[in-house]
>>> print(open('work_27.pdb').read())   # PDB, C-alpha atoms
ATOM      1  CA  SER C  27      33.474  86.717  42.510
ATOM      2  CA  ASP C  28      33.430  86.581  38.717
ATOM      3  CA  ASN C  29      29.792  87.731  38.714
ATOM      4  CA  THR C  30      30.658  90.802  40.790
ATOM      5  CA  ARG C  31      33.639  91.572  38.575
ATOM      6  CA  GLN C  32      31.397  91.326  35.525
ATOM      7  CA  HIS C  33      28.929  93.709  37.173
ATOM      8  CA  TYR C  34      31.613  96.416  37.242
ATOM      9  CA  ALA C  35      33.146  95.581  33.847
ATOM     10  CA  ASP C  36      31.550  98.545  32.065
ATOM     11  CA  ILE C  37      33.279 101.126  34.284
ATOM     12  CA  MET C  38      36.251 100.847  31.903
ATOM     13  CA  GLU C  39      34.285 101.676  28.780
ATOM     14  CA  ALA C  40      35.088 104.765  26.715
ATOM     15  CA  ILE C  41      33.592 108.069  27.879
ATOM     16  CA  SER C  42      30.916 109.366  25.537
ATOM     17  CA  PRO C  43      30.651 113.099  24.689
ATOM     18  CA  GLN C  44      27.357 113.246  26.604
ATOM     19  CA  GLU C  45      28.801 111.704  29.793
ATOM     20  CA  TRP C  46      31.855 113.970  29.482
ATOM     21  CA  GLN C  47      29.887 117.202  29.172
ATOM     22  CA  LEU C  48      27.452 116.233  31.923
ATOM     23  CA  TYR C  49      30.272 115.497  34.352
ATOM     24  CA  ILE C  50      32.124 118.745  33.584
ATOM     25  CA  ALA C  51      28.944 120.784  33.991
ATOM     26  CA  LYS C  52      28.499 119.442  37.524
ATOM     27  CA  GLN C  53      31.994 120.416  38.665
ATOM     28  CA  SER C  54      32.439 123.455  40.869
ATOM     29  CA  LEU C  55      35.523 125.572  41.416
ATOM     30  CA  SER C  56      38.512 123.754  42.849
ATOM     31  CA  ALA C  57      42.206 124.481  43.260
ATOM     32  CA  PRO C  58      44.174 123.583  40.094
ATOM     33  CA  GLY C  59      47.228 121.366  39.854
ATOM     34  CA  PRO C  60      50.808 122.372  38.940
ATOM     35  CA  THR C  61      49.885 123.596  35.419
ATOM     36  CA  LYS C  62      47.132 125.875  36.855
ATOM     37  CA  PHE C  63      44.565 124.507  34.371
ATOM     38  CA  SER C  64      41.292 124.661  36.338
ATOM     39  CA  TYR C  65      37.678 123.625  35.802
ATOM     40  CA  ALA C  66      36.816 127.278  35.242
ATOM     41  CA  LEU C  67      39.285 127.453  32.349
ATOM     42  CA  LEU C  68      38.088 124.137  30.959
ATOM     43  CA  LYS C  69      34.468 125.295  30.881
ATOM     44  CA  GLN C  70      35.531 128.398  28.938
ATOM     45  CA  SER C  71      37.771 126.473  26.573
ATOM     46  CA  PRO C  72      36.884 125.931  22.890
ATOM     47  CA  PRO C  73      35.112 122.640  22.047
ATOM     48  CA  LEU C  74      38.299 121.365  20.375
ATOM     49  CA  ILE C  75      40.217 121.593  23.678
ATOM     50  CA  GLN C  76      37.491 119.817  25.624
ATOM     51  CA  GLU C  77      37.142 117.093  23.003
ATOM     52  CA  SER C  78      40.910 116.583  22.855
ATOM     53  CA  LEU C  79      41.020 116.093  26.622
ATOM     54  CA  ARG C  80      38.146 113.579  26.399
ATOM     55  CA  LEU C  81      40.023 111.585  23.769
ATOM     56  CA  ILE C  82      43.191 111.624  25.897
ATOM     57  CA  THR C  83      41.169 110.364  28.874
ATOM     58  CA  ASN C  84      39.744 107.538  26.774
ATOM     59  CA  VAL C  85      43.261 106.562  25.696
ATOM     60  CA  CYS C  86      44.214 106.400  29.399
ATOM     61  CA  ILE C  87      41.312 104.033  30.030
ATOM     62  CA  ARG C  88      42.073 101.869  27.009
ATOM     63  CA  LEU C  89      45.821 101.591  27.714
ATOM     64  CA  ARG C  90      45.392 101.514  31.523
ATOM     65  CA  ASP C  91      48.087 104.152  31.837
ATOM     66  CA  VAL C  92      48.418 107.934  32.210
ATOM     67  CA  PRO C  93      50.827 110.642  30.981
ATOM     68  CA  ASP C  94      53.693 111.563  33.295
ATOM     69  CA  THR C  95      52.064 114.985  33.769
ATOM     70  CA  TYR C  96      49.160 113.286  35.559
ATOM     71  CA  ARG C  97      51.590 111.762  38.050
ATOM     72  CA  LYS C  98      52.796 115.171  39.206
ATOM     73  CA  SER C  99      50.858 116.958  41.931
ATOM     74  CA  ALA C 100      51.329 119.902  44.261
ATOM     75  CA  ILE C 101      51.071 119.436  48.027
ATOM     76  CA  TYR C 102      49.663 122.409  49.910
ATOM     77  CA  PRO C 103      49.939 122.198  53.728
ATOM     78  CA  ILE C 104      46.929 123.679  55.519
ATOM     79  CA  PRO C 105      47.474 124.561  59.208
ATOM     80  CA  LYS C 106      45.111 122.852  61.652
ATOM     81  CA  VAL C 107      45.582 125.660  64.178
ATOM     82  CA  ASN C 108      46.648 129.295  64.004
ATOM     83  CA  GLY C 109      50.380 129.797  64.230
ATOM     84  CA  ALA C 110      51.207 126.163  63.477
ATOM     85  CA  THR C 111      54.949 125.472  63.251
ATOM     86  CA  SER C 112      55.166 121.677  63.600
ATOM     87  CA  VAL C 113      54.603 119.398  60.609
ATOM     88  CA  SER C 114      52.099 117.390  62.657
ATOM     89  CA  LEU C 115      49.907 120.494  62.917
ATOM     90  CA  PHE C 116      49.429 120.763  59.152
ATOM     91  CA  ARG C 117      46.960 118.877  56.975
ATOM     92  CA  PRO C 118      48.382 118.332  53.473
ATOM     93  CA  ILE C 119      46.081 118.374  50.444
ATOM     94  CA  ALA C 120      47.144 117.199  46.996
ATOM     95  CA  LEU C 121      46.352 119.441  44.027
ATOM     96  CA  ALA C 122      46.105 117.139  41.014
ATOM     97  CA  GLU C 123      46.080 117.957  37.324
ATOM     98  CA  ILE C 124      42.644 118.435  35.797
ATOM     99  CA  GLY C 125      43.109 115.470  33.469
ATOM    100  CA  LEU C 126      43.627 113.174  36.439
ATOM    101  CA  LYS C 127      40.682 114.727  38.282
ATOM    102  CA  LEU C 128      38.412 114.064  35.304
ATOM    103  CA  LEU C 129      39.630 110.501  34.852
ATOM    104  CA  THR C 130      39.298 109.484  38.490
ATOM    105  CA  GLY C 131      36.115 111.505  39.004
ATOM    106  CA  ILE C 132      34.247 109.839  36.149
ATOM    107  CA  LEU C 133      35.442 106.395  37.208
ATOM    108  CA  THR C 134      34.321 107.126  40.763
ATOM    109  CA  SER C 135      30.856 108.197  39.610
ATOM    110  CA  ARG C 136      30.563 105.036  37.523
ATOM    111  CA  ILE C 137      31.626 102.797  40.396
ATOM    112  CA  THR C 138      29.186 104.514  42.740
ATOM    113  CA  ALA C 139      26.304 104.065  40.283
ATOM    114  CA  ARG C 140      27.109 100.392  39.682
ATOM    115  CA  GLY C 141      27.618  99.814  43.401
ATOM    116  CA  LYS C 142      24.003 100.776  44.109
ATOM    117  CA  THR C 143      22.735  97.841  42.033
ATOM    118  CA  ALA C 144      25.362  95.279  43.054
ATOM    119  CA  ALA C 145      24.312  92.097  44.857
ATOM    120  CA  THR C 146      26.595  93.179  47.710
ATOM    121  CA  PRO C 147      26.555  96.965  48.297
ATOM    122  CA  LEU C 148      29.958  98.516  47.686
ATOM    123  CA  PHE C 149      29.575 101.079  50.480
ATOM    124  CA  ASN C 150      28.192 100.732  53.961
ATOM    125  CA  PRO C 151      25.042 102.871  54.393
ATOM    126  CA  GLY C 152      26.757 104.599  57.290
ATOM    127  CA  GLN C 153      29.749 105.709  55.206
ATOM    128  CA  PHE C 154      29.795 109.360  54.214
ATOM    129  CA  GLY C 155      33.433 110.175  53.500
ATOM    130  CA  GLY C 156      34.865 109.157  50.135
ATOM    131  CA  VAL C 157      31.460 108.377  48.624
ATOM    132  CA  PHE C 158      30.458 110.241  45.468
ATOM    133  CA  GLY C 159      27.418 112.432  46.151
ATOM    134  CA  ARG C 160      27.807 112.272  49.936
ATOM    135  CA  SER C 161      29.999 114.163  52.376
ATOM    136  CA  THR C 162      30.907 114.343  56.035
ATOM    137  CA  GLU C 163      28.678 117.432  56.230
ATOM    138  CA  ASP C 164      25.675 115.108  55.844
ATOM    139  CA  ALA C 165      26.851 113.049  58.813
ATOM    140  CA  LEU C 166      27.449 116.190  60.898
ATOM    141  CA  LEU C 167      23.934 117.420  60.117
ATOM    142  CA  MET C 168      22.448 114.086  61.203
ATOM    143  CA  TRP C 169      24.562 114.174  64.362
ATOM    144  CA  THR C 170      23.407 117.720  65.159
ATOM    145  CA  ASN C 171      19.763 116.659  64.725
ATOM    146  CA  ILE C 172      20.264 113.719  67.090
ATOM    147  CA  ILE C 173      21.777 115.970  69.758
ATOM    148  CA  GLU C 174      18.946 118.487  69.428
ATOM    149  CA  SER C 175      16.317 115.741  69.603
ATOM    150  CA  ASN C 176      17.819 114.201  72.732
ATOM    151  CA  THR C 177      18.151 117.620  74.329
ATOM    152  CA  ILE C 178      14.484 118.403  73.707
ATOM    153  CA  THR C 179      13.316 115.023  75.037
ATOM    154  CA  ASN C 180      15.862 115.052  77.880
ATOM    155  CA  THR C 181      17.049 111.616  76.787
ATOM    156  CA  PRO C 182      20.534 110.380  77.780
ATOM    157  CA  LEU C 183      22.942 110.200  74.847
ATOM    158  CA  HIS C 184      26.096 108.077  74.864
ATOM    159  CA  THR C 185      28.648 108.629  72.114
ATOM    160  CA  LEU C 186      31.999 107.202  71.084
ATOM    161  CA  TYR C 187      34.556 109.244  69.184
ATOM    162  CA  ALA C 188      37.316 107.226  67.530
ATOM    163  CA  ASP C 189      40.019 108.965  65.522
ATOM    164  CA  VAL C 190      42.492 106.752  63.662
ATOM    165  CA  SER C 191      45.655 108.819  63.367
ATOM    166  CA  ALA C 192      47.049 109.151  59.823
ATOM    167  CA  ALA C 193      44.639 106.459  58.595
ATOM    168  CA  TYR C 194      45.122 107.349  54.916
ATOM    169  CA  ASP C 195      48.661 108.684  54.985
ATOM    170  CA  SER C 196      50.511 105.510  54.079
ATOM    171  CA  VAL C 197      48.192 103.298  52.053
ATOM    172  CA  THR C 198      50.346 101.364  49.595
ATOM    173  CA  THR C 199      49.451 100.629  45.995
ATOM    174  CA  ALA C 200      49.344  96.923  46.838
ATOM    175  CA  SER C 201      46.856  97.556  49.667
ATOM    176  CA  LYS C 202      44.597  99.650  47.435
ATOM    177  CA  THR C 203      44.743  97.066  44.659
ATOM    178  CA  ALA C 204      43.886  94.274  47.096
ATOM    179  CA  SER C 205      40.927  96.267  48.447
ATOM    180  CA  TYR C 206      39.568  96.983  44.964
ATOM    181  CA  TRP C 207      40.036  93.322  43.996
ATOM    182  CA  HIS C 208      38.128  92.214  47.078
ATOM    183  CA  ALA C 209      35.340  94.643  46.155
ATOM    184  CA  GLY C 210      35.028  93.022  42.739
ATOM    185  CA  MET C 211      36.654  95.616  40.489
ATOM    186  CA  PRO C 212      37.764  94.393  37.023
ATOM    187  CA  VAL C 213      41.426  93.649  36.332
ATOM    188  CA  LYS C 214      41.701  96.514  33.818
ATOM    189  CA  PHE C 215      40.679  98.963  36.546
ATOM    190  CA  LEU C 216      43.278  97.545  38.935
ATOM    191  CA  GLN C 217      45.972  97.991  36.292
ATOM    192  CA  LEU C 218      44.982 101.626  35.810
ATOM    193  CA  ILE C 219      45.019 102.297  39.559
ATOM    194  CA  ALA C 220      48.524 100.827  39.804
ATOM    195  CA  ALA C 221      49.662 103.013  36.904
ATOM    196  CA  LEU C 222      48.489 106.170  38.684
ATOM    197  CA  ASP C 223      50.948 105.555  41.520
ATOM    198  CA  HIS C 224      53.877 104.457  39.346
ATOM    199  CA  ASN C 225      56.663 107.063  39.590
ATOM    200  CA  ALA C 226      54.217 109.606  41.030
ATOM    201  CA  LYS C 227      55.860 112.787  42.289
ATOM    202  CA  ALA C 228      54.797 115.870  44.218
ATOM    203  CA  THR C 229      56.077 119.333  45.025
ATOM    204  CA  VAL C 230      55.330 121.076  48.332
ATOM    205  CA  LEU C 231      53.966 124.613  48.086
ATOM    206  CA  THR C 232      54.796 127.037  50.897
ATOM    207  CA  GLY C 233      53.634 130.593  50.458
ATOM    208  CA  ASN C 234      54.867 131.818  47.090
ATOM    209  CA  SER C 235      57.656 129.270  46.783
ATOM    210  CA  THR C 236      58.012 125.592  45.936
ATOM    211  CA  HIS C 237      60.439 122.961  47.132
ATOM    212  CA  ARG C 238      62.096 120.149  45.260
ATOM    213  CA  THR C 239      59.960 117.353  43.874
ATOM    214  CA  PHE C 240      59.858 114.117  45.851
ATOM    215  CA  PRO C 241      58.373 110.646  45.128
TER     216      PRO C 241
END
>>> encode(input="work_27.pdb", output="structure tokens")
Amino acid sequence: SDNTRQHYADIMEAISPQEWQLYIAKQSLSAPGPTKFSYALLKQSPPLIQESLRLITNVCIRLRDVPDTYRKSAIYPIPKVNGATSVSLFRPIALAEIGLKLLTGILTSRITARGKTAATPLFNPGQFGGVFGRSTEDALLMWTNIIESNTITNTPLHTLYADVSAAYDSVTTASKTASYWHAGMPVKFLQLIAALDHNAKATVLTGNSTHRTFP
């Protein structure tokens, strides 16, 4: 509804120096993107570099677009089992540029904060994956506690395990945009999300070599 969309309108406001520094301070080590510019380097960078990156991020928000560099990522295949040789036995992770990580990370934290006070909660209380500040480790800890409790009390426990194969492997831009629209995100945010996918490219990393870039 229009009221819900208005509730999230401020997620597209410019990032203040205080919000910028607070977000960076909370970030831990993570694998860098193709340019190898990591959070560790950013934290050690001169104030001018950090401020320049903040201004670039604000331009991205204002124009609802990103530099071509942000659309390039590196795909690193992680084997699910030892000695994996089939593509189906690898789990690919995308290593994005730090500018894109900062942009999407701050927007995610804003959406999460606004979602807690929305008339209709943005996330189901039982959702752990993909929620800022929560992780699947929390769910696993709760599950472990339930098993231990039922074991101690000798209480029967019935469980259902459902695994949707490749659930997030082929989500189109149109599908994501429709989902965000349904959730009440502002139009400016939808335009930015669409821009992130436009002409996006990736390079697969295998060992010490790379392969040709693909869309």
>>> atom_distance(input="work_27.pdb", atom1="atom CA of Asp91 of chain C", atom2="atom CA of Gln217 of chain C")
7.9 Å
>>> resolve_selection(input="work_27.pdb", expression="the PyMOL selection byres ((chain C and resi 116) around 7)", output="count of residues only")
9
>>> residues_around(input="work_27.pdb", residues="segment 137-147 of chain C", least_positions_apart="2", cutoff="10 Å", atoms="only C-alpha atoms", output="list in words")
Asn29, Thr30, His33, Tyr34, Ala35, Asp36, Ile37, Met38, Gly131, Ile132, Leu133, Thr134, Ser135, Phe149, Asn150, Pro151, Val157, Phe158, Gly159, Ala209, Gly210 and Met211 of chain C
>>> closest_residue(input="work_27.pdb", among="C:Ile119, C:Ala40, C:Val107, C:Val92", to="Ala57 of chain C", atoms="all atoms listed in the file")
C:Ile119
>>> atom_distance(input="work_27.pdb", atom1="atom CA of Thr95 of chain C", atom2="atom CA of Thr232 of chain C")
21.1 Å
>>> resolve_selection(input="work_27.pdb", expression="the PyMOL selection byres ((chain C and resi 203) around 10)", output="list in words")
Thr198, Thr199, Ala200, Ser201, Lys202, Ala204, Ser205, Tyr206, Trp207, His208, Ala209, Met211, Val213, Phe215, Leu216, Gln217, Leu218, Ile219 and Ala220 of chain C
>>> closest_residue(input="work_27.pdb", among="C:Leu68, C:Leu48, C:Ala226, C:Leu128", to="Asn84 of chain C", atoms="all atoms listed in the file")
C:Leu128
>>> build_atoms(input="work_27.pdb", residues="segment 150-175 of chain C", atoms="N, CA, C and O atoms", output="mmCIF file, in the coordinates of the input")
data_model
loop_
_atom_site.group_PDB
_atom_site.id
_atom_site.type_symbol
_atom_site.label_atom_id
_atom_site.label_comp_id
_atom_site.auth_asym_id
_atom_site.auth_seq_id
_atom_site.Cartn_x
_atom_site.Cartn_y
_atom_site.Cartn_z
ATOM 1 N N ASN C 150 29.073 100.865 52.803
ATOM 2 C CA ASN C 150 28.192 100.732 53.961
ATOM 3 C C ASN C 150 27.260 101.942 54.025
ATOM 4 O O ASN C 150 27.693 103.069 53.774
ATOM 5 N N PRO C 151 25.983 101.736 54.324
ATOM 6 C CA PRO C 151 25.042 102.871 54.393
ATOM 7 C C PRO C 151 25.480 103.969 55.343
ATOM 8 O O PRO C 151 25.091 105.131 55.191
ATOM 9 N N GLY C 152 26.301 103.609 56.323
ATOM 10 C CA GLY C 152 26.757 104.599 57.290
ATOM 11 C C GLY C 152 28.015 105.329 56.873
ATOM 12 O O GLY C 152 28.530 106.156 57.626
ATOM 13 N N GLN C 153 28.529 105.049 55.666
ATOM 14 C CA GLN C 153 29.749 105.709 55.206
ATOM 15 C C GLN C 153 29.412 106.977 54.451
ATOM 16 O O GLN C 153 28.630 106.966 53.502
ATOM 17 N N PHE C 154 30.036 108.073 54.848
ATOM 18 C CA PHE C 154 29.795 109.360 54.214
ATOM 19 C C PHE C 154 31.050 109.886 53.507
ATOM 20 O O PHE C 154 30.964 110.473 52.441
ATOM 21 N N GLY C 155 32.198 109.701 54.113
ATOM 22 C CA GLY C 155 33.433 110.175 53.500
ATOM 23 C C GLY C 155 33.866 109.293 52.342
ATOM 24 O O GLY C 155 33.751 108.068 52.391
ATOM 25 N N GLY C 156 34.357 109.923 51.265
ATOM 26 C CA GLY C 156 34.865 109.157 50.135
ATOM 27 C C GLY C 156 33.806 108.539 49.255
ATOM 28 O O GLY C 156 34.118 107.700 48.411
ATOM 29 N N VAL C 157 32.554 108.920 49.431
ATOM 30 C CA VAL C 157 31.460 108.377 48.624
ATOM 31 C C VAL C 157 30.934 109.489 47.725
ATOM 32 O O VAL C 157 30.561 110.562 48.206
ATOM 33 N N PHE C 158 30.906 109.237 46.424
ATOM 34 C CA PHE C 158 30.458 110.241 45.468
ATOM 35 C C PHE C 158 29.012 110.636 45.753
ATOM 36 O O PHE C 158 28.136 109.794 45.883
ATOM 37 N N GLY C 159 28.770 111.947 45.886
ATOM 38 C CA GLY C 159 27.418 112.432 46.151
ATOM 39 C C GLY C 159 27.091 112.552 47.627
ATOM 40 O O GLY C 159 26.002 113.010 47.986
ATOM 41 N N ARG C 160 28.016 112.135 48.500
ATOM 42 C CA ARG C 160 27.807 112.272 49.936
ATOM 43 C C ARG C 160 29.026 112.967 50.532
ATOM 44 O O ARG C 160 30.095 113.016 49.928
ATOM 45 N N SER C 161 28.874 113.495 51.728
ATOM 46 C CA SER C 161 29.999 114.163 52.376
ATOM 47 C C SER C 161 29.862 114.054 53.888
ATOM 48 O O SER C 161 28.802 113.688 54.409
ATOM 49 N N THR C 162 30.934 114.385 54.577
ATOM 50 C CA THR C 162 30.907 114.343 56.035
ATOM 51 C C THR C 162 29.955 115.396 56.590
ATOM 52 O O THR C 162 29.509 115.286 57.735
ATOM 53 N N GLU C 163 29.640 116.416 55.787
ATOM 54 C CA GLU C 163 28.678 117.432 56.230
ATOM 55 C C GLU C 163 27.303 116.804 56.458
ATOM 56 O O GLU C 163 26.571 117.218 57.359
ATOM 57 N N ASP C 164 26.950 115.806 55.651
ATOM 58 C CA ASP C 164 25.675 115.108 55.844
ATOM 59 C C ASP C 164 25.649 114.409 57.199
ATOM 60 O O ASP C 164 24.648 114.443 57.920
ATOM 61 N N ALA C 165 26.768 113.749 57.526
ATOM 62 C CA ALA C 165 26.851 113.049 58.813
ATOM 63 C C ALA C 165 26.791 114.029 59.978
ATOM 64 O O ALA C 165 26.139 113.775 60.999
ATOM 65 N N LEU C 166 27.468 115.180 59.833
ATOM 66 C CA LEU C 166 27.449 116.190 60.898
ATOM 67 C C LEU C 166 26.051 116.759 61.099
ATOM 68 O O LEU C 166 25.629 117.016 62.234
ATOM 69 N N LEU C 167 25.303 116.925 60.007
ATOM 70 C CA LEU C 167 23.934 117.420 60.117
ATOM 71 C C LEU C 167 23.054 116.405 60.846
ATOM 72 O O LEU C 167 22.258 116.783 61.732
ATOM 73 N N MET C 168 23.208 115.130 60.509
ATOM 74 C CA MET C 168 22.448 114.086 61.203
ATOM 75 C C MET C 168 22.805 114.060 62.690
ATOM 76 O O MET C 168 21.923 113.923 63.548
ATOM 77 N N TRP C 169 24.106 114.201 62.971
ATOM 78 C CA TRP C 169 24.562 114.174 64.362
ATOM 79 C C TRP C 169 23.996 115.365 65.136
ATOM 80 O O TRP C 169 23.556 115.230 66.285
ATOM 81 N N THR C 170 23.971 116.528 64.522
ATOM 82 C CA THR C 170 23.407 117.720 65.159
ATOM 83 C C THR C 170 21.918 117.519 65.469
ATOM 84 O O THR C 170 21.434 117.888 66.547
ATOM 85 N N ASN C 171 21.197 116.922 64.528
ATOM 86 C CA ASN C 171 19.763 116.659 64.725
ATOM 87 C C ASN C 171 19.519 115.693 65.877
ATOM 88 O O ASN C 171 18.565 115.848 66.647
ATOM 89 N N ILE C 172 20.391 114.693 65.994
ATOM 90 C CA ILE C 172 20.264 113.719 67.090
ATOM 91 C C ILE C 172 20.471 114.407 68.437
ATOM 92 O O ILE C 172 19.720 114.184 69.398
ATOM 93 N N ILE C 173 21.498 115.255 68.506
ATOM 94 C CA ILE C 173 21.777 115.970 69.758
ATOM 95 C C ILE C 173 20.604 116.865 70.140
ATOM 96 O O ILE C 173 20.167 116.891 71.300
ATOM 97 N N GLU C 174 20.071 117.592 69.157
ATOM 98 C CA GLU C 174 18.946 118.487 69.428
ATOM 99 C C GLU C 174 17.726 117.698 69.884
ATOM 100 O O GLU C 174 17.019 118.103 70.822
ATOM 101 N N SER C 175 17.470 116.564 69.233
ATOM 102 C CA SER C 175 16.317 115.741 69.603
ATOM 103 C C SER C 175 16.437 115.214 71.026
ATOM 104 O O SER C 175 15.467 115.247 71.814
#
